[in-house]
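Shown next: data36.cif, containing mmCIF, C-alpha atoms.
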data_run
#
loop_
_atom_site.label_atom_id
_atom_site.label_comp_id
_atom_site.auth_asym_id
_atom_site.auth_seq_id
_atom_site.Cartn_x
_atom_site.Cartn_y
_atom_site.Cartn_z
CA MET A 1424 74.97 -42.10 62.11
CA THR A 1425 73.69 -39.83 64.89
CA THR A 1426 76.09 -39.04 67.71
CA TYR A 1427 74.75 -37.99 71.11
CA SER A 1428 76.55 -36.15 73.89
CA PHE A 1429 75.64 -39.04 76.21
CA ASP A 1430 73.87 -42.37 75.84
CA PRO A 1431 70.14 -41.72 75.31
CA PRO A 1432 67.75 -43.28 77.83
CA LYS A 1433 66.13 -46.60 77.05
CA THR A 1434 62.70 -46.52 75.44
CA PRO A 1435 59.99 -47.08 78.09
CA SER A 1436 58.01 -50.22 77.34
CA ILE A 1437 55.30 -52.53 78.67
CA GLU A 1438 55.32 -56.31 78.82
CA ILE A 1439 53.11 -58.14 76.31
CA ALA A 1440 51.37 -61.18 77.79
CA GLY A 1441 52.69 -64.44 76.37
CA SER A 1442 55.43 -62.80 74.31
CA ASN A 1443 59.10 -61.90 74.57
CA ALA A 1444 58.36 -58.71 72.63
CA ARG A 1445 57.47 -55.50 74.45
CA PHE A 1446 55.19 -52.57 73.62
CA PRO A 1447 57.22 -49.32 73.29
CA VAL A 1448 55.60 -46.33 75.00
CA ARG A 1449 55.57 -42.99 73.17
CA ARG A 1450 53.12 -40.81 75.13
CA VAL A 1451 50.69 -41.34 78.01
CA TYR A 1452 47.26 -39.69 78.06
CA CYS A 1453 44.81 -39.97 80.96
CA VAL A 1454 41.06 -39.31 80.96
CA GLY A 1455 39.69 -37.48 83.97
CA ARG A 1456 36.38 -38.40 85.63
CA ASN A 1457 35.15 -41.02 83.16
CA TYR A 1458 32.88 -42.83 85.63
CA ALA A 1459 29.81 -40.97 86.88
CA ASP A 1460 30.24 -42.10 90.49
CA HIS A 1461 33.88 -40.96 90.55
CA ALA A 1462 32.98 -37.64 88.91
CA ARG A 1463 30.51 -37.01 91.73
CA GLU A 1464 33.06 -38.25 94.29
CA MET A 1465 35.48 -35.57 93.07
CA GLY A 1466 32.85 -32.84 93.02
CA GLY A 1467 32.08 -32.88 89.28
CA ASP A 1468 28.86 -33.20 87.28
CA PRO A 1469 29.00 -36.15 84.82
CA ASN A 1470 25.91 -34.87 83.03
CA ARG A 1471 27.51 -31.58 81.98
CA GLU A 1472 31.28 -31.93 81.78
CA PRO A 1473 33.00 -32.99 78.53
CA PRO A 1474 36.01 -35.31 78.81
CA PHE A 1475 39.30 -33.72 79.82
CA PHE A 1476 42.81 -35.10 79.75
CA PHE A 1477 46.17 -34.86 81.46
CA GLY A 1478 49.43 -36.64 80.80
CA LYS A 1479 52.21 -38.61 82.41
CA PRO A 1480 55.80 -38.98 81.18
CA ALA A 1481 56.34 -42.18 79.21
CA ASP A 1482 58.89 -43.39 81.75
CA ALA A 1483 56.36 -43.03 84.58
CA VAL A 1484 54.91 -46.30 83.25
CA VAL A 1485 56.38 -49.29 85.08
CA ALA A 1486 55.41 -52.91 85.62
CA ALA A 1487 52.60 -53.33 88.16
CA GLN A 1488 54.54 -55.86 90.19
CA GLY A 1489 57.22 -56.03 92.83
CA THR A 1490 57.67 -52.82 94.81
CA ILE A 1491 56.44 -49.38 93.76
CA ALA A 1492 58.11 -46.55 95.67
CA TYR A 1493 56.08 -44.19 97.84
CA PRO A 1494 56.92 -40.82 96.24
CA PRO A 1495 58.39 -37.78 97.99
CA LEU A 1496 56.56 -34.49 98.66
CA THR A 1497 53.28 -36.12 99.67
CA SER A 1498 51.47 -37.60 102.64
CA ASP A 1499 48.35 -38.45 100.63
CA LEU A 1500 49.16 -40.90 97.82
CA HIS A 1501 45.97 -42.20 96.16
CA HIS A 1502 45.19 -45.21 93.96
CA GLU A 1503 43.02 -45.03 90.81
CA ILE A 1504 42.42 -48.34 88.96
CA GLU A 1505 41.94 -48.01 85.18
CA LEU A 1506 41.58 -49.87 81.89
CA VAL A 1507 44.54 -48.92 79.69
CA ILE A 1508 44.43 -48.67 75.88
CA ALA A 1509 47.55 -49.41 73.82
CA ILE A 1510 47.53 -47.66 70.43
CA SER A 1511 49.19 -49.09 67.31
CA GLY A 1512 47.60 -47.07 64.50
CA ARG A 1513 48.44 -43.52 63.49
CA GLY A 1514 45.46 -41.22 63.18
CA LEU A 1515 44.12 -37.67 63.35
CA ASN A 1516 40.40 -36.89 63.63
CA ILE A 1517 39.56 -40.59 63.82
CA PRO A 1518 35.82 -41.31 63.53
CA GLU A 1519 34.40 -43.42 66.35
CA SER A 1520 33.45 -46.05 63.76
CA GLU A 1521 37.15 -46.53 62.94
CA ALA A 1522 38.67 -45.97 66.38
CA LEU A 1523 38.99 -49.59 67.49
CA SER A 1524 41.11 -50.43 64.44
CA HIS A 1525 43.81 -48.18 65.96
CA VAL A 1526 43.90 -50.16 69.22
CA TRP A 1527 46.57 -52.83 69.59
CA GLY A 1528 45.53 -54.12 72.99
CA TYR A 1529 44.56 -53.49 76.59
CA ALA A 1530 46.11 -53.60 80.05
CA VAL A 1531 45.25 -52.69 83.63
CA GLY A 1532 46.86 -49.63 85.16
CA VAL A 1533 46.90 -47.61 88.36
CA ASP A 1534 47.03 -43.83 88.10
CA LEU A 1535 48.91 -43.03 91.30
CA THR A 1536 48.20 -39.48 92.43
CA ARG A 1537 49.73 -37.17 95.02
CA ARG A 1538 46.27 -35.96 96.06
CA ASP A 1539 47.49 -33.22 98.37
CA LEU A 1540 49.59 -31.69 95.60
CA GLN A 1541 46.66 -32.01 93.19
CA ALA A 1542 44.33 -30.25 95.62
CA GLU A 1543 46.81 -27.42 96.04
CA ALA A 1544 47.25 -27.10 92.27
CA LYS A 1545 43.48 -26.98 91.77
CA LYS A 1546 43.11 -24.30 94.43
CA LEU A 1547 45.78 -22.14 92.78
CA GLY A 1548 44.68 -22.85 89.20
CA ARG A 1549 47.99 -24.54 88.39
CA PRO A 1550 48.81 -27.64 86.27
CA TRP A 1551 48.66 -31.11 87.79
CA ASP A 1552 52.08 -32.31 86.58
CA TRP A 1553 53.66 -32.70 90.02
CA ALA A 1554 50.56 -34.53 91.27
CA LYS A 1555 50.32 -37.00 88.38
CA GLY A 1556 53.65 -37.28 86.59
CA PHE A 1557 56.15 -38.43 89.22
CA ASP A 1558 58.42 -41.49 89.03
CA GLN A 1559 56.59 -44.85 88.93
CA SER A 1560 53.20 -43.09 88.90
CA GLY A 1561 51.75 -45.40 86.25
CA PRO A 1562 52.05 -49.09 87.15
CA VAL A 1563 50.64 -51.19 84.28
CA SER A 1564 50.01 -54.92 83.85
CA ALA A 1565 51.06 -56.89 80.79
CA ILE A 1566 49.17 -55.89 77.63
CA ARG A 1567 46.74 -58.37 76.11
CA PRO A 1568 46.36 -58.03 72.32
CA ALA A 1569 42.92 -57.08 71.05
CA SER A 1570 43.34 -59.83 68.47
CA GLU A 1571 43.06 -62.29 71.37
CA ILE A 1572 40.59 -60.67 73.77
CA GLY A 1573 38.59 -58.33 71.54
CA HIS A 1574 37.61 -54.85 72.69
CA PRO A 1575 36.17 -54.96 76.23
CA SER A 1576 33.11 -52.77 76.73
CA ALA A 1577 31.82 -54.47 79.89
CA GLY A 1578 33.33 -56.38 82.76
CA LYS A 1579 34.32 -55.98 86.38
CA ILE A 1580 37.09 -53.54 87.32
CA TRP A 1581 38.38 -53.61 90.90
CA LEU A 1582 41.21 -52.70 93.26
CA SER A 1583 42.01 -54.08 96.70
CA VAL A 1584 44.40 -52.87 99.39
CA ASN A 1585 45.62 -55.54 101.81
CA GLY A 1586 42.79 -57.82 100.67
CA GLU A 1587 40.04 -55.24 101.20
CA ILE A 1588 38.08 -54.04 98.15
CA ARG A 1589 38.44 -50.29 97.74
CA GLN A 1590 37.23 -49.74 94.16
CA GLN A 1591 34.77 -51.80 92.18
CA GLY A 1592 32.80 -51.03 89.05
CA ASP A 1593 32.08 -52.17 85.52
CA LEU A 1594 33.51 -50.99 82.22
CA ARG A 1595 29.96 -50.46 81.00
CA ASP A 1596 29.78 -47.56 83.48
CA MET A 1597 32.34 -45.49 81.58
CA ILE A 1598 30.82 -42.21 80.40
CA TRP A 1599 33.00 -42.28 77.25
CA PRO A 1600 33.76 -45.81 75.99
CA VAL A 1601 37.03 -46.78 74.31
CA GLU A 1602 36.04 -45.74 70.78
CA SER A 1603 34.84 -42.33 72.00
CA ILE A 1604 38.05 -41.74 73.96
CA VAL A 1605 40.31 -42.65 71.03
CA SER A 1606 38.29 -40.46 68.66
CA TYR A 1607 38.22 -37.53 71.10
CA VAL A 1608 41.97 -37.59 71.77
CA SER A 1609 42.70 -37.71 68.03
CA GLN A 1610 40.77 -34.47 67.52
CA SER A 1611 43.45 -32.65 69.54
CA ILE A 1612 46.66 -34.51 68.68
CA GLU A 1613 47.69 -37.11 66.13
CA LEU A 1614 47.70 -40.48 67.82
CA MET A 1615 50.77 -42.57 67.03
CA PRO A 1616 51.85 -46.18 67.59
CA GLY A 1617 53.10 -46.50 71.15
CA ASP A 1618 50.61 -44.08 72.67
CA VAL A 1619 48.89 -45.28 75.84
CA ILE A 1620 45.58 -44.02 77.21
CA PHE A 1621 44.39 -44.46 80.81
CA THR A 1622 40.57 -44.46 80.60
CA GLY A 1623 39.46 -43.22 84.03
CA THR A 1624 38.60 -44.76 87.38
CA PRO A 1625 35.46 -45.79 89.29
CA ALA A 1626 34.63 -44.39 92.73
CA GLY A 1627 36.46 -45.43 95.87
CA VAL A 1628 39.85 -43.80 95.36
CA GLY A 1629 41.78 -43.58 98.59
CA ALA A 1630 45.11 -43.27 100.32
CA LEU A 1631 47.96 -45.77 100.29
CA GLN A 1632 50.56 -46.30 102.99
CA ARG A 1633 54.05 -47.77 102.88
CA GLY A 1634 53.80 -51.53 103.13
CA ASP A 1635 50.33 -51.75 101.56
CA ARG A 1636 49.75 -54.64 99.17
CA VAL A 1637 47.77 -53.40 96.17
CA SER A 1638 46.03 -55.78 93.79
CA GLY A 1639 43.35 -55.44 91.16
CA GLY A 1640 42.27 -56.19 87.66
CA VAL A 1641 39.83 -55.90 84.81
CA GLU A 1642 37.74 -58.91 83.88
CA GLY A 1643 39.02 -60.48 80.67
CA VAL A 1644 42.08 -58.22 80.52
CA GLY A 1645 44.39 -58.99 83.42
CA GLU A 1646 45.32 -58.68 87.08
CA PHE A 1647 48.26 -57.28 89.03
CA GLU A 1648 49.74 -57.04 92.50
CA PHE A 1649 52.43 -54.80 93.93
CA VAL A 1650 53.65 -53.51 97.29
CA VAL A 1651 54.08 -49.84 98.17
CA GLY A 1652 57.64 -49.38 99.37
CA ASN A 1653 59.79 -46.61 100.72
CA ALA A 1654 60.67 -43.53 98.67
CA ALA A 1655 63.03 -44.18 95.77
CA ALA A 1656 66.68 -43.48 96.55
#

Write the structure described by the file as structure tokens, please.
Amino acid sequence: MTTYSFDPPKTPSIEIAGSNARFPVRRVYCVGRNYADHAREMGGDPNREPPFFFGKPADAVVAAQGTIAYPPLTSDLHHEIELVIAISGRGLNIPESEALSHVWGYAVGVDLTRRDLQAEAKKLGRPWDWAKGFDQSGPVSAIRPASEIGHPSAGKIWLSVNGEIRQQGDLRDMIWPVESIVSYVSQSIELMPGDVIFTGTPAGVGALQRGDRVSGGVEGVGEFEFVVGNAAA
């Protein structure tokens, strides 16, 4: 029996729709600029740039409900609505033709970003960790099993702030669809059960303020709503 010097932290997990079971989170990968309009919005060229990835800590994933704390060290917190892939199959160098068999289900997530810290990191050629990987930076809705909803390749994706639409697009606009993303990630690391992949965001990202009510969803996958609160104690 393994003895630890202190009690290990609880395993981060995501609610599964219609079930008392939960999906344990191992690692979180995020695709950058996977919608052409957002790539242009951020100064990129969707016709030339290959996919790139960054990560969040597993415990940055929290339920997209209730109150999400406005983080410290920023005055420019941005929302980025995304389809989220939940992986259940282990695989390295997965062909696109087999990629969907490694997907357990799908959820809706928000990649919260300290945009001012990201801009500074870009300017200095530094990593994005402080901009992307802070506490509660990955609110996620309940996961819907692929066995129930299939593998969405089209459908509305949207985010509203205080009832006003900020982001709106369609999954069919993704530059790299789900099977391409899963295959591409597996060429660099071995995907394992519990891995979660944020698939990129459409145009319209913008700032959030304390007290904002944020809602959104992906057609056929799920919806969410949370309030931006004060900084965590």

Result set of the PyMOL selection byres ((chain A and resi 1604) around 9) on the coordinates above, as a PyMOL selection string: chain A and resi 1454+1474+1519+1522+1599-1603+1605-1609+1620+1622

Residues picked by the PyMOL selection byres ((chain A and resi 1478-1491) around 7) here, as an MDAnalysis selection string? chainID A and resid 1435 1437 1448:1453 1476:1477 1492:1493 1555:1564 1647:1652

With the PyMOL selection byres ((chain A and resi 1627) around 9) as the selection, what would be picked from this file? Answer as number ranges by chain, please. A: 1460-1461, 1464, 1502-1503, 1589-1591, 1624-1626, 1628-1629

I'd like the neighbourhood of segment 1566-1570 of chain A as number ranges by chain, where a residue qualifies if any of its atoms comes within 9 Å (using only C-alpha atoms), though same-chain residues fewer than 2 positions away should be ignored. A: 1437-1441, 1445-1446, 1507-1509, 1526-1531, 1563-1564, 1572-1575, 1644-1645

Could you save those same residues with C-alpha atoms as a PDB file, in the frame of the given file?
ATOM      1  CA  ILE A1437      55.300 -52.530  78.670  1.00  0.00           C
ATOM      2  CA  GLU A1438      55.320 -56.310  78.820  1.00  0.00           C
ATOM      3  CA  ILE A1439      53.110 -58.140  76.310  1.00  0.00           C
ATOM      4  CA  ALA A1440      51.370 -61.180  77.790  1.00  0.00           C
ATOM      5  CA  GLY A1441      52.690 -64.440  76.370  1.00  0.00           C
ATOM      6  CA  ARG A1445      57.470 -55.500  74.450  1.00  0.00           C
ATOM      7  CA  PHE A1446      55.190 -52.570  73.620  1.00  0.00           C
ATOM      8  CA  VAL A1507      44.540 -48.920  79.690  1.00  0.00           C
ATOM      9  CA  ILE A1508      44.430 -48.670  75.880  1.00  0.00           C
ATOM     10  CA  ALA A1509      47.550 -49.410  73.820  1.00  0.00           C
ATOM     11  CA  VAL A1526      43.900 -50.160  69.220  1.00  0.00           C
ATOM     12  CA  TRP A1527      46.570 -52.830  69.590  1.00  0.00           C
ATOM     13  CA  GLY A1528      45.530 -54.120  72.990  1.00  0.00           C
ATOM     14  CA  TYR A1529      44.560 -53.490  76.590  1.00  0.00           C
ATOM     15  CA  ALA A1530      46.110 -53.600  80.050  1.00  0.00           C
ATOM     16  CA  VAL A1531      45.250 -52.690  83.630  1.00  0.00           C
ATOM     17  CA  VAL A1563      50.640 -51.190  84.280  1.00  0.00           C
ATOM     18  CA  SER A1564      50.010 -54.920  83.850  1.00  0.00           C
ATOM     19  CA  ILE A1572      40.590 -60.670  73.770  1.00  0.00           C
ATOM     20  CA  GLY A1573      38.590 -58.330  71.540  1.00  0.00           C
ATOM     21  CA  HIS A1574      37.610 -54.850  72.690  1.00  0.00           C
ATOM     22  CA  PRO A1575      36.170 -54.960  76.230  1.00  0.00           C
ATOM     23  CA  VAL A1644      42.080 -58.220  80.520  1.00  0.00           C
ATOM     24  CA  GLY A1645      44.390 -58.990  83.420  1.00  0.00           C
TER      25      GLY A1645
END

note - atom CA of Glu1587 of chain A and atom CA of Leu1631 of chain A are separated by 12.4 Å

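The gap separating atom CA of Pro1494 of chain A from atom CA of Arg1549 of chain A is 20.2 Å, in Å to one decimal.
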
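Distances from A:Ile1612, A:Gln1632, A:Ala1565, A:Leu1535 to Ala1444 of chain A were compared using only C-alpha atoms, and the smallest one belongs to A:Ala1565.
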
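For the atom pair formed by atom CA of Ser1576 of chain A and atom CA of Asp1596 of chain A, the distance is 9.2 Å, given to one decimal.
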